[in-house]
Amino acid sequence: MKKKDNLTLRLLILTFLLSTGMFAQEDPKPVFITVTTLHRNLDSDRKDWKETEQEYFDKVTSKNDLIIGSEILNHYFTENSTEVLLISVFRTWEDIEKANDVSDELIKKGWPDEKIRKDFFDKYNTYYSKMHSDEIYSSIGDSKEFKPTSKEPMVVYIRKSQMSLNGQGKGMKEFNEKITMNNPYIKGYYPNRHSWGADSRDFLEAFYYDSLSDLEKSSDKQNELIKTAWPKEEDRKVFFDGLNKAFTGIHGDFIYHNEPTLSK
């Protein structure tokens, strides 16, 4: 059953890497985020796919108390139109492993008949190719949390930056307090860094917007807030020179949309 196999693969326990000094030491205790990237079978019916994922969410994910957050993100503007991201959030590293056992029990309760259970997961597997990837991140710094109220999909912009890992760079906490938290177009903000995956330099930020137009407006608002926070050009330069030392300057941009009824 591919769904169960994917969960098992992303529940591996490895060493958690702490961040550099760009965040203050009093940051809140991190949570852990597993990200499984699947690839949709484009020949499948999207309505059927959604109904199948909804059934799994209702019977398993929504009832697993060790999964404190969950999203399914679909391709919007990325390099691969088949991408589907399955995201789960856990309070502790140990809960990642424990949650798999809880899900196994919920699966048996949700589909008590073995044949019906097999038929469901056989169908589920037809919506995706066999290729997938797994990564685990840890939250870092202050997030801008929110409770979505709209039934319409939200735009989720993900910026994946490359950290320099040189022990230098400071000011991310100050930047977020003065800029990100005060930008009304950014409904939610979640900074995370590599904990397990292909590249230890990964620093990933997820921004939630109501629309693509709000994402564009957010950029103009950010520039306005920056000039207000550091009105003198010389002060701005000093601050951002310090902040930029934490990164190599290389980053990637990805835009997805979520599925509100599959969000926890």
# chains A, B, ... in the order shown; residues from 1 in each chain; ligands from 1
$ residues_around --residues "Pro148 (chain A)" --least-positions-apart "6" --cutoff "9 Å" --atoms "only C-alpha atoms" --output "list in words"
Met154, Lys187 and Pro260 of chain A
$ closest_atom_pairs --of "region 166-224 of chain A" --to "region 242-251 of chain A" --cutoff "12 Å" --atoms "only C-alpha atoms" --output "tab-separated table"
residue	atom	partner	partner_atom	distance
A:Asn166	CA	A:Ala246	CA	7.2
A:Gly167	CA	A:Ala246	CA	7.3
A:Gln168	CA	A:Ala246	CA	5.5
A:Gly169	CA	A:Ala246	CA	4.1
A:Lys170	CA	A:Leu243	CA	5.0
A:Gly171	CA	A:Leu243	CA	5.4
A:Met172	CA	A:Leu243	CA	6.6
A:Lys173	CA	A:Leu243	CA	10.0
A:Glu174	CA	A:Leu243	CA	9.8
A:Phe175	CA	A:Leu243	CA	8.8
A:Asn176	CA	A:Leu243	CA	11.6
A:Arg201	CA	A:Phe247	CA	8.9
A:Asp202	CA	A:His251	CA	9.2
A:Phe203	CA	A:Phe247	CA	9.1
A:Leu204	CA	A:His251	CA	9.4
A:Glu205	CA	A:His251	CA	10.8
$ select_by_dssp --residues "region 122-153 of chain A" --states "strand (DSSP E or B)" --output "PyMOL selection string"
chain A and resi 128+133-139+144
$ residues_around --residues "Thr180 (chain A)" --least-positions-apart "5" --cutoff "12 Å" --atoms "only C-alpha atoms" --output "ChimeraX atom specification"
/A:142-145,172-175,185-191,205-208,218-219,221-226,229
$ write_last_selection --atoms "N, CA and C atoms" --output "CSV table (one decimal), in the first residue's frame"
chain,number,residue,atom,x,y,z
A,142,ASP,N,10.2,32.8,14.7
A,142,ASP,CA,8.7,33.0,14.9
A,142,ASP,C,7.9,32.9,13.6
A,143,SER,N,6.9,32.2,13.7
A,143,SER,CA,6.0,32.0,12.5
A,143,SER,C,4.8,33.0,12.7
A,144,LYS,N,4.1,33.2,11.6
A,144,LYS,CA,2.9,34.1,11.6
A,144,LYS,C,1.8,33.1,11.3
A,145,GLU,N,1.2,32.6,12.4
A,145,GLU,CA,0.2,31.6,12.3
A,145,GLU,C,-1.2,32.2,12.0
A,172,MET,N,17.5,38.0,11.0
A,172,MET,CA,16.3,37.5,10.4
A,172,MET,C,15.1,37.7,11.4
A,173,LYS,N,15.4,37.5,12.7
A,173,LYS,CA,14.3,37.8,13.6
A,173,LYS,C,13.8,39.2,13.6
A,174,GLU,N,14.7,40.1,13.5
A,174,GLU,CA,14.4,41.5,13.5
A,174,GLU,C,13.6,41.9,12.2
A,175,PHE,N,14.1,41.3,11.1
A,175,PHE,CA,13.4,41.5,9.8
A,175,PHE,C,11.9,41.0,9.8
A,185,TYR,N,-0.8,41.5,3.7
A,185,TYR,CA,-1.0,40.6,2.6
A,185,TYR,C,-0.5,39.2,2.9
A,186,ILE,N,0.4,39.1,3.8
A,186,ILE,CA,0.9,37.8,4.2
A,186,ILE,C,0.1,37.2,5.3
A,187,LYS,N,-0.8,36.3,5.0
A,187,LYS,CA,-1.7,35.7,6.0
A,187,LYS,C,-1.0,34.8,6.9
A,188,GLY,N,-0.1,34.0,6.4
A,188,GLY,CA,0.7,33.1,7.2
A,188,GLY,C,2.1,33.0,6.8
A,189,TYR,N,3.0,32.8,7.7
A,189,TYR,CA,4.4,32.7,7.4
A,189,TYR,C,5.1,31.6,8.3
A,190,TYR,N,5.8,30.7,7.6
A,190,TYR,CA,6.4,29.6,8.4
A,190,TYR,C,7.8,29.3,7.9
A,191,PRO,N,8.8,29.7,8.7
A,191,PRO,CA,10.2,29.5,8.3
A,191,PRO,C,10.7,28.1,8.8
A,205,GLU,N,10.9,28.9,3.4
A,205,GLU,CA,9.9,29.8,3.9
A,205,GLU,C,8.6,29.6,3.1
A,206,ALA,N,7.5,29.4,3.9
A,206,ALA,CA,6.2,29.3,3.2
A,206,ALA,C,5.3,30.5,3.6
A,207,PHE,N,4.8,31.1,2.6
A,207,PHE,CA,4.0,32.3,2.7
A,207,PHE,C,2.6,32.0,2.2
A,208,TYR,N,1.6,32.3,3.0
A,208,TYR,CA,0.2,32.1,2.5
A,208,TYR,C,-0.5,33.4,2.1
A,218,SER,N,2.1,42.3,-2.0
A,218,SER,CA,3.0,42.1,-0.8
A,218,SER,C,4.4,42.6,-1.0
A,219,SER,N,4.9,42.4,-2.2
A,219,SER,CA,6.2,42.9,-2.5
A,219,SER,C,6.4,44.4,-2.4
A,221,LYS,N,4.4,46.3,-0.6
A,221,LYS,CA,4.2,46.6,0.8
A,221,LYS,C,5.5,46.4,1.6
A,222,GLN,N,6.2,45.3,1.2
A,222,GLN,CA,7.5,45.0,1.9
A,222,GLN,C,8.5,46.1,1.7
A,223,ASN,N,8.6,46.6,0.5
A,223,ASN,CA,9.5,47.7,0.2
A,223,ASN,C,9.2,49.0,1.1
A,224,GLU,N,7.9,49.2,1.2
A,224,GLU,CA,7.4,50.3,2.0
A,224,GLU,C,7.8,50.2,3.4
A,225,LEU,N,7.5,49.0,4.0
A,225,LEU,CA,7.9,48.7,5.4
A,225,LEU,C,9.3,48.8,5.7
A,226,ILE,N,10.1,48.3,4.7
A,226,ILE,CA,11.6,48.4,4.9
A,226,ILE,C,12.1,49.8,5.0
A,229,ALA,N,11.1,51.1,8.4
A,229,ALA,CA,11.9,50.5,9.5
A,229,ALA,C,13.3,51.0,9.5
$ residues_around --residues "region 92-105 of chain A" --least-positions-apart "2" --cutoff "6 Å" --atoms "only C-alpha atoms" --output "list in words"
Leu11, Leu66, Phe90, Ile107 and Lys108 of chain A
$ closest_residue --among "A:Asn41, A:Lys264, A:Tyr76, A:Leu165" --to "Ser129 (chain A)" --atoms "only C-alpha atoms"
A:Asn41
$ closest_residue --among "A:Phe32, A:Trp230, A:Phe254, A:Tyr56" --to "Lys109 (chain A)" --atoms "only C-alpha atoms"
A:Tyr56
$ select_by_dssp --residues "region 76-244 of chain A" --states "helix (DSSP H, G or I)" --output "PyMOL selection string"
chain A and resi 93-110+114-126+172-178+180-182+212-229+233-244
